[in-house]
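Structure file work35.cif (mmCIF, C-alpha atoms) follows.
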data_data
loop_
_atom_site.label_atom_id
_atom_site.label_comp_id
_atom_site.auth_asym_id
_atom_site.auth_seq_id
_atom_site.Cartn_x
_atom_site.Cartn_y
_atom_site.Cartn_z
CA MET A 250 139.47 133.80 147.04
CA GLY A 251 139.58 132.50 143.46
CA LEU A 252 142.04 135.21 142.39
CA LEU A 253 144.38 134.44 145.30
CA LEU A 254 144.29 130.73 144.49
CA SER A 255 144.99 131.48 140.84
CA LYS A 256 147.96 133.70 141.74
CA PHE A 257 149.25 130.99 144.11
CA LYS A 258 149.04 128.36 141.35
CA GLU A 259 150.85 130.68 138.93
CA ALA A 260 153.60 131.28 141.49
CA MET A 261 153.99 127.55 142.10
CA GLN A 262 154.13 126.83 138.36
CA ASP A 263 156.71 129.60 137.93
CA LYS A 264 158.86 128.18 140.75
CA ALA A 265 158.61 124.66 139.32
CA LEU A 266 159.63 125.88 135.87
CA ARG A 267 162.53 127.88 137.29
CA ASP A 268 163.68 124.75 139.13
CA GLU A 269 163.49 122.74 135.89
CA VAL A 270 165.48 125.39 134.03
CA SER A 271 168.07 125.46 136.82
CA SER A 272 168.41 121.66 136.69
CA ALA A 273 168.83 121.76 132.92
CA ILE A 274 171.67 124.28 133.01
CA VAL A 275 173.47 123.01 136.13
CA ASN A 276 173.63 119.26 136.60
CA ASP A 277 176.06 116.35 136.77
CA LYS A 278 176.92 116.87 133.08
CA GLY A 279 178.23 120.36 133.75
CA ASN A 280 177.47 124.00 134.34
CA ALA A 281 175.94 125.75 131.34
CA CYS A 282 175.31 129.06 133.13
CA PRO A 283 177.77 131.07 131.02
CA ILE A 284 176.28 129.91 127.72
CA ALA A 285 172.71 130.38 129.04
CA VAL A 286 173.52 134.02 129.83
CA ARG A 287 175.14 134.40 126.42
CA LEU A 288 172.06 132.92 124.71
CA ALA A 289 169.76 135.33 126.52
CA TRP A 290 172.07 138.26 125.78
CA HIS A 291 172.45 137.44 122.08
CA ASN A 292 168.71 136.87 121.84
CA SER A 293 168.15 140.39 123.20
CA GLY A 294 171.25 142.14 121.89
CA THR A 295 169.98 142.69 118.36
CA PHE A 296 167.26 145.10 119.51
CA ASP A 297 167.01 148.42 117.67
CA LYS A 298 164.81 151.10 119.21
CA SER A 299 164.37 152.86 115.86
CA ASP A 300 162.87 150.08 113.77
CA ASN A 301 160.38 147.30 113.91
CA LYS A 302 162.47 144.86 111.90
CA GLY A 303 163.22 142.25 114.52
CA GLY A 304 165.78 141.89 117.18
CA GLY A 305 165.37 141.88 120.90
CA SER A 306 164.21 139.04 123.10
CA ASP A 307 160.79 138.73 121.47
CA GLY A 308 160.69 136.30 118.57
CA ALA A 309 163.48 133.83 119.44
CA THR A 310 164.63 134.23 115.85
CA MET A 311 167.95 132.56 116.58
CA ARG A 312 166.00 129.32 116.02
CA PHE A 313 166.39 130.06 112.31
CA GLU A 314 169.64 129.44 110.45
CA GLU A 315 169.66 133.01 109.10
CA GLU A 316 170.37 134.35 112.59
CA LEU A 317 172.05 131.34 114.17
CA SER A 318 174.70 131.45 111.42
CA ASP A 319 175.86 134.92 112.49
CA PRO A 320 179.48 134.29 113.55
CA ALA A 321 178.77 136.09 116.83
CA ASN A 322 176.26 133.34 117.67
CA ALA A 323 178.73 130.48 117.22
CA GLY A 324 178.08 127.67 119.68
CA LEU A 325 174.73 128.96 120.93
CA ASN A 326 173.01 125.93 119.42
CA ILE A 327 174.47 124.06 122.43
CA ALA A 328 172.40 126.15 124.85
CA GLN A 329 169.36 125.79 122.61
CA ASP A 330 169.80 122.00 122.65
CA ILE A 331 170.09 121.97 126.45
CA LEU A 332 166.79 123.86 126.76
CA GLN A 333 164.87 122.09 123.98
CA PRO A 334 163.55 119.26 126.20
CA LEU A 335 161.93 121.90 128.44
CA LYS A 336 160.30 123.51 125.41
CA GLU A 337 158.94 120.13 124.38
CA LYS A 338 157.66 119.48 127.92
CA HIS A 339 156.06 122.95 128.11
CA PRO A 340 154.75 123.75 124.61
CA GLU A 341 152.68 126.63 126.01
CA LEU A 342 155.93 128.42 126.92
CA SER A 343 157.48 130.48 124.14
CA THR A 344 161.07 129.75 123.25
CA ALA A 345 161.74 133.47 123.70
CA ASP A 346 160.52 133.33 127.32
CA LEU A 347 162.47 130.13 127.94
CA TRP A 348 165.75 131.62 126.72
CA VAL A 349 165.33 134.78 128.80
CA LEU A 350 164.32 132.76 131.87
CA ALA A 351 167.38 130.52 131.42
CA GLY A 352 169.62 133.60 131.40
CA ILE A 353 167.94 134.94 134.52
CA GLN A 354 168.27 131.62 136.33
CA ALA A 355 171.92 131.38 135.28
CA ILE A 356 172.59 134.79 136.81
CA LYS A 357 170.93 133.69 140.03
CA LEU A 358 172.78 130.35 140.11
CA THR A 359 176.11 132.13 139.78
CA GLY A 360 175.44 134.34 142.78
CA GLY A 361 173.71 137.23 141.06
CA PRO A 362 170.46 138.88 142.03
CA ASP A 363 166.91 137.75 141.38
CA VAL A 364 166.06 139.50 138.14
CA PRO A 365 162.38 140.36 137.67
CA PHE A 366 160.73 138.35 134.91
CA LYS A 367 157.39 138.48 133.15
CA TYR A 368 156.08 135.93 130.70
CA GLY A 369 154.58 137.01 127.40
CA ARG A 370 157.24 137.00 124.71
CA THR A 371 156.19 135.34 121.48
CA ASP A 372 158.05 133.25 118.94
CA ALA A 373 158.36 134.47 115.37
CA SER A 374 156.67 132.14 112.93
CA ASP A 375 159.35 132.30 110.25
CA LYS A 376 162.79 133.60 109.31
CA SER A 377 161.47 136.89 107.90
CA ALA A 378 161.64 138.30 111.43
CA CYS A 379 165.38 137.65 111.74
CA PRO A 380 167.44 140.81 112.23
CA ALA A 381 170.33 141.55 109.92
CA GLN A 382 173.63 139.98 110.90
CA GLY A 383 176.15 142.27 112.53
CA ARG A 384 173.83 143.92 115.06
CA LEU A 385 175.59 142.40 118.07
CA PRO A 386 178.45 144.27 119.75
CA ASP A 387 181.92 143.37 118.50
CA ALA A 388 184.66 144.39 120.91
CA THR A 389 187.28 144.10 118.15
CA GLN A 390 185.72 147.14 116.46
CA GLY A 391 186.57 149.51 119.28
CA ALA A 392 184.84 151.77 121.76
CA GLN A 393 182.86 153.87 119.28
CA HIS A 394 181.28 150.76 117.75
CA LEU A 395 180.20 149.58 121.21
CA ARG A 396 178.74 153.02 122.00
CA ASP A 397 176.86 153.00 118.70
CA VAL A 398 175.43 149.53 119.32
CA PHE A 399 174.25 150.34 122.81
CA TYR A 400 172.83 153.67 121.66
CA ARG A 401 170.88 151.79 118.99
CA MET A 402 169.38 149.64 121.72
CA GLY A 403 168.17 152.65 123.64
#
Go ahead and express the file in the form of structure tokens.
Amino acid sequence: MGLLLSKFKEAMQDKALRDEVSSAIVNDKGNACPIAVRLAWHNSGTFDKSDNKGGGSDGATMRFEEELSDPANAGLNIAQDILQPLKEKHPELSTADLWVLAGIQAIKLTGGPDVPFKYGRTDASDKSACPAQGRLPDATQGAQHLRDVFYRMG
């Protein structure tokens, strides 16, 4: 019975957090769903299957100026600022998990499917984990560039 109660509490905490995230990104101030999806995508879009040098949703390295200053990330500090009060309220939650969850909730709020989610991402402790700039797709560079970027991701 203890395991069932524990799972129930976890599910209730997850639902409450999802509701808080939803209220942060859609409220009387506006609808931040598009930028929440963009934050989650850019947080994950630097992944490289061939190295262990950063990138991907683990780490939340866009918190550091070295990654945030990538021109492709322009304006994403707005989404970070919207979510920061939730991070402060829930210090046990990694920023990496919060950003991914915000993207997932934004997809749901805009009529998309429920995307499976598991907690467990960690936050990098310093800027040394930041991936090199230029790892995000750039549509202005043409189809081959986009193929190369997505191949790099696996």
Please write out, as AutoDock Vina command-line options, where the centre of an axis-aligned box around all listed atoms of segment 273-282 of chain A lies and how long its edges are, in Å to one decimal, after adding 8 Å on each side.
--center_x 173.5 --center_y 122.7 --center_z 134.1 --size_x 25.4 --size_y 28.7 --size_z 21.4
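The result of the PyMOL selection byres ((chain A and resi 290-297) around 7) on the shown file is Val286, Arg287, Leu288, Ala289, Lys298, Ser299, Asp300, Gly304, Gly305, Ser306, Ala309, Met311, Pro380, Arg384, Leu385, Arg401 and Met402 of chain A.
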Quick one: which residues end up in the PyMOL selection byres ((chain A and resi 314-317) around 12) for this structure, as a ChimeraX atom specification?
/A:288,291-292,295,303-304,308-313,318-329,375-385
Rank A:Ala392, A:Leu266, A:Ala260, A:Val275 by their smallest atom-to-atom distance to Leu358 of chain A, using only C-alpha atoms, and report the top residue only.
A:Val275
With all atoms listed in the file as the atoms that count, which of A:Ala388, A:Ala273, A:Ser343, A:Ala351 lies nearest to Arg370 of chain A?
A:Ser343
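We find atom CA of Pro365 of chain A and atom CA of Ala345 of chain A to be spaced 15.6 Å apart.
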From atom CA of Ser374 of chain A to atom CA of Leu332 of chain A the spacing works out at 19.0 Å
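One distance worth recording is that between atom CA of Phe366 of chain A and atom CA of Lys264 of chain A, which is 11.9 Å.
Closest approach to Gly279 of chain A from the set A:Ile331, A:Asp397, A:Asp363, A:Ala265 is made by A:Ile331, with distances taken over only C-alpha atoms.
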What do you get, as a ChimeraX atom specification, if you spell out every residue that the PyMOL selection byres ((chain A and resi 335) around 10) selects here?
/A:266,269-270,273,330-334,336-340,342,344,347
Nearest to Lys367 of chain A: which of A:Gln390, A:Met261, A:Leu350, A:Glu341 is it, counting only C-alpha atoms?
A:Leu350
Can you pull out every residue within 12 Å of Gly361 of chain A, counting all atoms listed in the file, but drop anything in the same chain fewer than 5 positions away, and send it as a ChimeraX atom specification?
/A:282,286,352-356
Is it possible to add all heavy atoms to segment 382-393 of chain A and hand it back as an mmCIF file, in the frame of the given file?
data_model
loop_
_atom_site.group_PDB
_atom_site.id
_atom_site.type_symbol
_atom_site.label_atom_id
_atom_site.label_comp_id
_atom_site.auth_asym_id
_atom_site.auth_seq_id
_atom_site.Cartn_x
_atom_site.Cartn_y
_atom_site.Cartn_z
ATOM 1 N N GLN A 382 172.415 140.365 110.187
ATOM 2 C CA GLN A 382 173.630 139.980 110.900
ATOM 3 C C GLN A 382 174.472 141.224 111.159
ATOM 4 O O GLN A 382 174.389 142.203 110.435
ATOM 5 C CB GLN A 382 174.410 138.941 110.114
ATOM 6 C CG GLN A 382 173.724 137.594 110.127
ATOM 7 C CD GLN A 382 174.638 136.474 109.651
ATOM 8 O OE1 GLN A 382 175.832 136.654 109.393
ATOM 9 N NE2 GLN A 382 174.077 135.286 109.536
ATOM 10 N N GLY A 383 175.258 141.168 112.214
ATOM 11 C CA GLY A 383 176.150 142.270 112.530
ATOM 12 C C GLY A 383 175.578 143.275 113.517
ATOM 13 O O GLY A 383 176.185 144.313 113.761
ATOM 14 N N ARG A 384 174.427 142.978 114.113
ATOM 15 C CA ARG A 384 173.830 143.920 115.060
ATOM 16 C C ARG A 384 174.324 143.712 116.492
ATOM 17 O O ARG A 384 174.030 144.511 117.364
ATOM 18 C CB ARG A 384 172.306 143.805 115.021
ATOM 19 C CG ARG A 384 171.732 144.409 113.750
ATOM 20 C CD ARG A 384 170.256 144.165 113.595
ATOM 21 N NE ARG A 384 169.458 145.110 114.335
ATOM 22 C CZ ARG A 384 168.153 145.286 114.152
ATOM 23 N NH1 ARG A 384 167.510 144.584 113.240
ATOM 24 N NH2 ARG A 384 167.486 146.161 114.865
ATOM 25 N N LEU A 385 175.063 142.648 116.725
ATOM 26 C CA LEU A 385 175.590 142.400 118.070
ATOM 27 C C LEU A 385 176.901 143.178 118.261
ATOM 28 O O LEU A 385 177.631 143.413 117.296
ATOM 29 C CB LEU A 385 175.837 140.909 118.273
ATOM 30 C CG LEU A 385 174.565 140.071 118.369
ATOM 31 C CD1 LEU A 385 174.894 138.588 118.236
ATOM 32 C CD2 LEU A 385 173.842 140.341 119.684
ATOM 33 N N PRO A 386 177.199 143.563 119.491
ATOM 34 C CA PRO A 386 178.450 144.270 119.750
ATOM 35 C C PRO A 386 179.668 143.419 119.397
ATOM 36 O O PRO A 386 179.660 142.217 119.596
ATOM 37 C CB PRO A 386 178.421 144.535 121.257
ATOM 38 C CG PRO A 386 177.029 144.320 121.680
ATOM 39 C CD PRO A 386 176.397 143.397 120.696
ATOM 40 N N ASP A 387 180.683 144.040 118.859
ATOM 41 C CA ASP A 387 181.920 143.370 118.500
ATOM 42 C C ASP A 387 183.063 144.182 119.104
ATOM 43 O O ASP A 387 183.417 145.253 118.598
ATOM 44 C CB ASP A 387 182.048 143.297 116.980
ATOM 45 C CG ASP A 387 183.327 142.620 116.517
ATOM 46 O OD1 ASP A 387 184.189 142.302 117.367
ATOM 47 O OD2 ASP A 387 183.461 142.413 115.303
ATOM 48 N N ALA A 388 183.624 143.665 120.181
ATOM 49 C CA ALA A 388 184.660 144.390 120.910
ATOM 50 C C ALA A 388 185.891 144.671 120.056
ATOM 51 O O ALA A 388 186.626 145.625 120.321
ATOM 52 C CB ALA A 388 185.066 143.608 122.158
ATOM 53 N N THR A 389 186.109 143.883 119.002
ATOM 54 C CA THR A 389 187.280 144.100 118.150
ATOM 55 C C THR A 389 187.146 145.371 117.319
ATOM 56 O O THR A 389 188.122 145.837 116.746
ATOM 57 C CB THR A 389 187.532 142.911 117.211
ATOM 58 O OG1 THR A 389 186.451 142.800 116.288
ATOM 59 C CG2 THR A 389 187.693 141.614 117.990
ATOM 60 N N GLN A 390 185.932 145.941 117.262
ATOM 61 C CA GLN A 390 185.720 147.140 116.460
ATOM 62 C C GLN A 390 185.887 148.435 117.256
ATOM 63 O O GLN A 390 185.677 149.521 116.725
ATOM 64 C CB GLN A 390 184.335 147.108 115.804
ATOM 65 C CG GLN A 390 184.211 146.019 114.773
ATOM 66 C CD GLN A 390 182.926 146.119 114.001
ATOM 67 O OE1 GLN A 390 182.461 147.221 113.694
ATOM 68 N NE2 GLN A 390 182.337 144.988 113.680
ATOM 69 N N GLY A 391 186.243 148.324 118.512
ATOM 70 C CA GLY A 391 186.570 149.510 119.280
ATOM 71 C C GLY A 391 185.417 150.128 120.047
ATOM 72 O O GLY A 391 184.252 149.742 119.921
ATOM 73 N N ALA A 392 185.772 151.134 120.830
ATOM 74 C CA ALA A 392 184.840 151.770 121.760
ATOM 75 C C ALA A 392 183.680 152.468 121.053
ATOM 76 O O ALA A 392 182.535 152.388 121.502
ATOM 77 C CB ALA A 392 185.581 152.753 122.649
ATOM 78 N N GLN A 393 183.938 153.142 119.959
ATOM 79 C CA GLN A 393 182.860 153.870 119.280
ATOM 80 C C GLN A 393 181.801 152.899 118.758
ATOM 81 O O GLN A 393 180.606 153.178 118.837
ATOM 82 C CB GLN A 393 183.388 154.742 118.147
ATOM 83 C CG GLN A 393 182.317 155.641 117.533
ATOM 84 C CD GLN A 393 181.647 156.563 118.572
ATOM 85 O OE1 GLN A 393 182.316 157.260 119.325
ATOM 86 N NE2 GLN A 393 180.323 156.548 118.605
#
